[in-house]
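Asker: After the structure tokens below, expect a handful of questions from me.
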Amino acid sequence: MARELSYNQTVERSIIKTYRKSIWNPFVEACKNYQLVNNGDKIAVCISGGKDSVLLAKCMQQLKRVSDTEFELVFICMDPGYNKKNRNKIAENCSILEIPVQFFESDIFSVTEIAGGSPCYLCARMRRGYLYAKAKELGCNKIALGHHLSDVIETTVMGMFYGAQLQAMLPKLHSANFEGMELIRPLYCVHESSIINWREYNNLEFIQCACRFVDEYSHSEDGIGESKRQEIKQMILSLKKINPDIEKNIFNSIHNVKLDTFVSYKQNGTEYSFLDNY
């Protein structure tokens, strides 16, 4: 008689069985192809409380069980000013899914609310700094974030449409302010729709972004509001009806850049022109 699986074991099993092709294999592919996890690493998996970061935590736990690579994991969650309900929901999910998360505090929400300008940019910068600092304090050399393939695509298109630049999101990068620290994105090849399907399949409930600015966007009449990322997300969905390969093509394009066809480009802060070698 087969033993009955716990809820957490059922969730873990779904990653490597039901969603093997759409989640587990792309996750392993990213870790391998971009050399994200190496022997001797101590990685701080950063949990925000949303679906992406929690899935990342479960994938990293599974990778540690089956990988020949020797590495350590810690799980951290920065509380930027969550209300009690959201904080409790994150703790509850981590307990049910057996993720030994460590909480630490910051005042990011209160700072961004009074700072003006671009609150999302400021929040992201401050979050990154707090996470690096906490990870370094814990003896880690890497932090892992839950950015996925859809984030990569949307960032690329946003940069072109609203930043007048071709700029992608790297699967890993060195910290500019914390020596010896790296940021990795193991869900880099996993599509958001697969993460949503995994969440629904397991009847999981996560907090949405607890920021009041995003809350305003999500309750706008058109479902887009002033969020450019949401606008781009909707546009890509529309284009997908015309060309089902649109997302794959955008993603592949940042791996297949024909630099000699560009009028100018920047590298390490220096601008180059095609005229330099014409």
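So you can find residues: chains in the structure tokens are A, B, ... in the order shown, residues in each start at 1, and ligands are numbered from 1 in order.
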Which residues are near His255 of chain A? Cut-off 12 Å, only C-alpha atoms, ignore same chain within fewer than 6 positions. Put them as a PyMOL selection string.
Answerer: chain A and resi 34+152-153+156+167-171+248-249
Asker: Those selected residues, please, written with all heavy atoms and delivered as a PDB file, in the first residue's frame.
Answerer:
ATOM      1  N   TYR A  34      23.453  28.848 -17.609  1.00  0.00           N
ATOM      2  CA  TYR A  34      23.986  30.140 -17.178  1.00  0.00           C
ATOM      3  C   TYR A  34      24.921  30.006 -15.971  1.00  0.00           C
ATOM      4  O   TYR A  34      25.351  31.014 -15.411  1.00  0.00           O
ATOM      5  CB  TYR A  34      22.838  31.103 -16.847  1.00  0.00           C
ATOM      6  CG  TYR A  34      21.875  31.307 -17.994  1.00  0.00           C
ATOM      7  CD1 TYR A  34      20.517  31.056 -17.829  1.00  0.00           C
ATOM      8  CD2 TYR A  34      22.306  31.749 -19.246  1.00  0.00           C
ATOM      9  CE1 TYR A  34      19.608  31.238 -18.867  1.00  0.00           C
ATOM     10  CE2 TYR A  34      21.415  31.939 -20.288  1.00  0.00           C
ATOM     11  CZ  TYR A  34      20.068  31.681 -20.095  1.00  0.00           C
ATOM     12  OH  TYR A  34      19.175  31.867 -21.140  1.00  0.00           O
ATOM     13  N   VAL A 152      11.567  38.869 -18.078  1.00  0.00           N
ATOM     14  CA  VAL A 152      12.661  39.163 -19.005  1.00  0.00           C
ATOM     15  C   VAL A 152      12.111  39.790 -20.283  1.00  0.00           C
ATOM     16  O   VAL A 152      12.615  40.819 -20.764  1.00  0.00           O
ATOM     17  CB  VAL A 152      13.452  37.882 -19.346  1.00  0.00           C
ATOM     18  CG1 VAL A 152      14.550  38.175 -20.359  1.00  0.00           C
ATOM     19  CG2 VAL A 152      14.049  37.265 -18.084  1.00  0.00           C
ATOM     20  N   ILE A 153      11.063  39.183 -20.827  1.00  0.00           N
ATOM     21  CA  ILE A 153      10.453  39.677 -22.058  1.00  0.00           C
ATOM     22  C   ILE A 153       9.884  41.079 -21.867  1.00  0.00           C
ATOM     23  O   ILE A 153      10.112  41.988 -22.667  1.00  0.00           O
ATOM     24  CB  ILE A 153       9.342  38.716 -22.515  1.00  0.00           C
ATOM     25  CG1 ILE A 153       9.935  37.377 -22.941  1.00  0.00           C
ATOM     26  CG2 ILE A 153       8.523  39.320 -23.661  1.00  0.00           C
ATOM     27  CD1 ILE A 153       8.893  36.301 -23.165  1.00  0.00           C
ATOM     28  N   THR A 156      12.519  43.802 -21.537  1.00  0.00           N
ATOM     29  CA  THR A 156      13.141  44.098 -22.831  1.00  0.00           C
ATOM     30  C   THR A 156      12.266  45.035 -23.662  1.00  0.00           C
ATOM     31  O   THR A 156      12.744  46.032 -24.218  1.00  0.00           O
ATOM     32  CB  THR A 156      13.394  42.792 -23.615  1.00  0.00           C
ATOM     33  OG1 THR A 156      14.230  41.935 -22.842  1.00  0.00           O
ATOM     34  CG2 THR A 156      14.069  43.079 -24.945  1.00  0.00           C
ATOM     35  N   GLN A 167      17.692  46.951 -23.905  1.00  0.00           N
ATOM     36  CA  GLN A 167      18.323  46.518 -22.651  1.00  0.00           C
ATOM     37  C   GLN A 167      17.565  45.314 -22.122  1.00  0.00           C
ATOM     38  O   GLN A 167      16.342  45.358 -21.973  1.00  0.00           O
ATOM     39  CB  GLN A 167      18.304  47.646 -21.626  1.00  0.00           C
ATOM     40  CG  GLN A 167      18.925  47.268 -20.293  1.00  0.00           C
ATOM     41  CD  GLN A 167      18.992  48.453 -19.344  1.00  0.00           C
ATOM     42  OE1 GLN A 167      19.215  49.593 -19.763  1.00  0.00           O
ATOM     43  NE2 GLN A 167      18.782  48.193 -18.072  1.00  0.00           N
ATOM     44  N   ALA A 168      18.285  44.245 -21.842  1.00  0.00           N
ATOM     45  CA  ALA A 168      17.661  43.018 -21.355  1.00  0.00           C
ATOM     46  C   ALA A 168      17.904  42.840 -19.856  1.00  0.00           C
ATOM     47  O   ALA A 168      18.476  43.704 -19.196  1.00  0.00           O
ATOM     48  CB  ALA A 168      18.200  41.821 -22.133  1.00  0.00           C
ATOM     49  N   MET A 169      17.448  41.730 -19.334  1.00  0.00           N
ATOM     50  CA  MET A 169      17.639  41.358 -17.924  1.00  0.00           C
ATOM     51  C   MET A 169      18.522  40.122 -17.885  1.00  0.00           C
ATOM     52  O   MET A 169      18.163  39.074 -18.421  1.00  0.00           O
ATOM     53  CB  MET A 169      16.285  41.076 -17.271  1.00  0.00           C
ATOM     54  CG  MET A 169      16.359  40.614 -15.826  1.00  0.00           C
ATOM     55  SD  MET A 169      14.727  40.118 -15.175  1.00  0.00           S
ATOM     56  CE  MET A 169      13.932  41.704 -14.962  1.00  0.00           C
ATOM     57  N   LEU A 170      19.689  40.227 -17.269  1.00  0.00           N
ATOM     58  CA  LEU A 170      20.634  39.113 -17.246  1.00  0.00           C
ATOM     59  C   LEU A 170      20.225  38.028 -16.253  1.00  0.00           C
ATOM     60  O   LEU A 170      19.615  38.317 -15.212  1.00  0.00           O
ATOM     61  CB  LEU A 170      22.026  39.623 -16.885  1.00  0.00           C
ATOM     62  CG  LEU A 170      22.752  40.458 -17.946  1.00  0.00           C
ATOM     63  CD1 LEU A 170      24.006  41.089 -17.363  1.00  0.00           C
ATOM     64  CD2 LEU A 170      23.096  39.594 -19.153  1.00  0.00           C
ATOM     65  N   PRO A 171      20.582  36.765 -16.528  1.00  0.00           N
ATOM     66  CA  PRO A 171      20.278  35.678 -15.594  1.00  0.00           C
ATOM     67  C   PRO A 171      21.131  35.731 -14.321  1.00  0.00           C
ATOM     68  O   PRO A 171      20.775  35.130 -13.311  1.00  0.00           O
ATOM     69  CB  PRO A 171      20.570  34.418 -16.405  1.00  0.00           C
ATOM     70  CG  PRO A 171      21.516  34.857 -17.476  1.00  0.00           C
ATOM     71  CD  PRO A 171      21.160  36.267 -17.793  1.00  0.00           C
ATOM     72  N   LYS A 248       8.566  33.616 -27.322  1.00  0.00           N
ATOM     73  CA  LYS A 248       9.787  32.855 -27.585  1.00  0.00           C
ATOM     74  C   LYS A 248      10.750  33.653 -28.456  1.00  0.00           C
ATOM     75  O   LYS A 248      11.963  33.651 -28.225  1.00  0.00           O
ATOM     76  CB  LYS A 248       9.432  31.525 -28.272  1.00  0.00           C
ATOM     77  CG  LYS A 248      10.635  30.646 -28.586  1.00  0.00           C
ATOM     78  CD  LYS A 248      10.206  29.304 -29.163  1.00  0.00           C
ATOM     79  CE  LYS A 248       9.606  29.455 -30.537  1.00  0.00           C
ATOM     80  NZ  LYS A 248       9.281  28.133 -31.150  1.00  0.00           N
ATOM     81  N   ASN A 249      10.209  34.360 -29.446  1.00  0.00           N
ATOM     82  CA  ASN A 249      11.054  35.133 -30.349  1.00  0.00           C
ATOM     83  C   ASN A 249      11.727  36.307 -29.646  1.00  0.00           C
ATOM     84  O   ASN A 249      12.899  36.604 -29.889  1.00  0.00           O
ATOM     85  CB  ASN A 249      10.241  35.631 -31.541  1.00  0.00           C
ATOM     86  CG  ASN A 249       9.850  34.513 -32.493  1.00  0.00           C
ATOM     87  OD1 ASN A 249      10.405  33.417 -32.417  1.00  0.00           O
ATOM     88  ND2 ASN A 249       8.899  34.775 -33.370  1.00  0.00           N
TER      89      ASN A 249
END
Asker: Can you tell me which residues surround Gln9 of chain A at a distance of at most 12 Å, considering only C-alpha atoms, apart from same-chain residues fewer than 5 positions away, and format the answer as a list in words?
Answerer: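 Skipping anything fewer than 5 positions along the chain leaves Arg3, Glu4, Ser14, Ile15, Ile16, Lys17, Lys58, Gln61, Gln62, Ile96, Leu97, Glu98 and Asn202 of chain A.
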Asker: Which residues, written as a count of residues only, have at least one atom at most 10 Å from segment 232-239 of chain A, with only C-alpha atoms counted and residues fewer than 2 positions away on the same chain left out?
Answerer: 21
Asker: Which residues, written as an MDAnalysis selection string, have at least one atom at most 6 Å from segment 183-199 of chain A, with only C-alpha atoms counted and residues fewer than 2 positions away on the same chain left out?
Answerer: chainID A and resid 23 26:27 30:31 142:145 147:150 171:173 201:202 204
Asker: Apply DSSP to the backbone of this structure and, from segment 18-250 of chain A, keep only the residues in strand (DSSP E); write these as a list of chain:residue names.
Answerer: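 The strand (DSSP E) residues within segment 18-250 of chain A come out as A:Lys42, A:Ile43, A:Ala44, A:Val45, A:Cys46, A:Glu72, A:Leu73, A:Val74, A:Phe75, A:Ile76, A:Cys77, A:Met78, A:Asp79, A:Val101, A:Gln102, A:Phe103, A:Phe104, A:Glu105, A:Lys142, A:Ile143, A:Ala144, A:Lys172, A:Leu173, A:His174, A:Glu182, A:Leu183, A:Ile184.
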Asker: Just want the 8 Å neighbourhood of Val37 of chain A, counted on only C-alpha atoms, with same-chain residues fewer than 4 positions away dropped. Output as a list in words.
Answerer: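 So the residues in contact are Cys31, Lys32, Asp41, Thr69 and Phe71 of chain A.
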Asker: Write out as a ChimeraX atom specification all residues of segment 27-271 of chain A that DSSP puts in helix (DSSP H, G or I) for this structure's backbone.
Answerer: /A:27-33,51-66,84-96,108-115,119-137,149-162,192-201,212-218,228-242,246-253,259-261
Asker: Which polymer residues have any atom within 9 Å of an atom of Val263 of chain A, counting only C-alpha atoms, with same-chain residues fewer than 6 positions away left out, as number ranges by chain?
Answerer: A: 272-275
Asker: Would you save the residues from that selection as a short mmCIF file (atom, residue, chain, number, x, y, z; two decimals), in the first residue's frame, using all heavy atoms?
Answerer:
data_model
loop_
_atom_site.label_atom_id
_atom_site.label_comp_id
_atom_site.auth_asym_id
_atom_site.auth_seq_id
_atom_site.Cartn_x
_atom_site.Cartn_y
_atom_site.Cartn_z
N TYR A 272 30.01 53.32 -28.14
CA TYR A 272 30.72 53.01 -29.37
C TYR A 272 29.79 53.25 -30.57
O TYR A 272 28.58 53.06 -30.47
CB TYR A 272 31.18 51.56 -29.38
CG TYR A 272 32.14 51.22 -28.25
CD1 TYR A 272 31.67 50.75 -27.03
CD2 TYR A 272 33.52 51.37 -28.41
CE1 TYR A 272 32.54 50.45 -25.99
CE2 TYR A 272 34.39 51.06 -27.37
CZ TYR A 272 33.89 50.60 -26.16
OH TYR A 272 34.75 50.30 -25.13
N SER A 273 30.40 53.67 -31.68
CA SER A 273 29.63 53.90 -32.90
C SER A 273 30.10 52.96 -33.99
O SER A 273 31.26 52.52 -34.02
CB SER A 273 29.83 55.35 -33.37
OG SER A 273 29.35 55.54 -34.68
N PHE A 274 29.19 52.65 -34.92
CA PHE A 274 29.59 51.82 -36.06
C PHE A 274 30.65 52.52 -36.90
O PHE A 274 31.40 51.88 -37.62
CB PHE A 274 28.36 51.46 -36.90
CG PHE A 274 27.96 52.51 -37.91
CD1 PHE A 274 28.25 52.33 -39.26
CD2 PHE A 274 27.29 53.66 -37.51
CE1 PHE A 274 27.88 53.30 -40.20
CE2 PHE A 274 26.93 54.62 -38.44
CZ PHE A 274 27.23 54.44 -39.80
N LEU A 275 30.71 53.85 -36.78
CA LEU A 275 31.71 54.62 -37.53
C LEU A 275 33.13 54.39 -37.03
O LEU A 275 34.10 54.65 -37.75
CB LEU A 275 31.37 56.11 -37.48
CG LEU A 275 30.09 56.55 -38.21
CD1 LEU A 275 29.80 58.01 -37.91
CD2 LEU A 275 30.23 56.30 -39.71
#
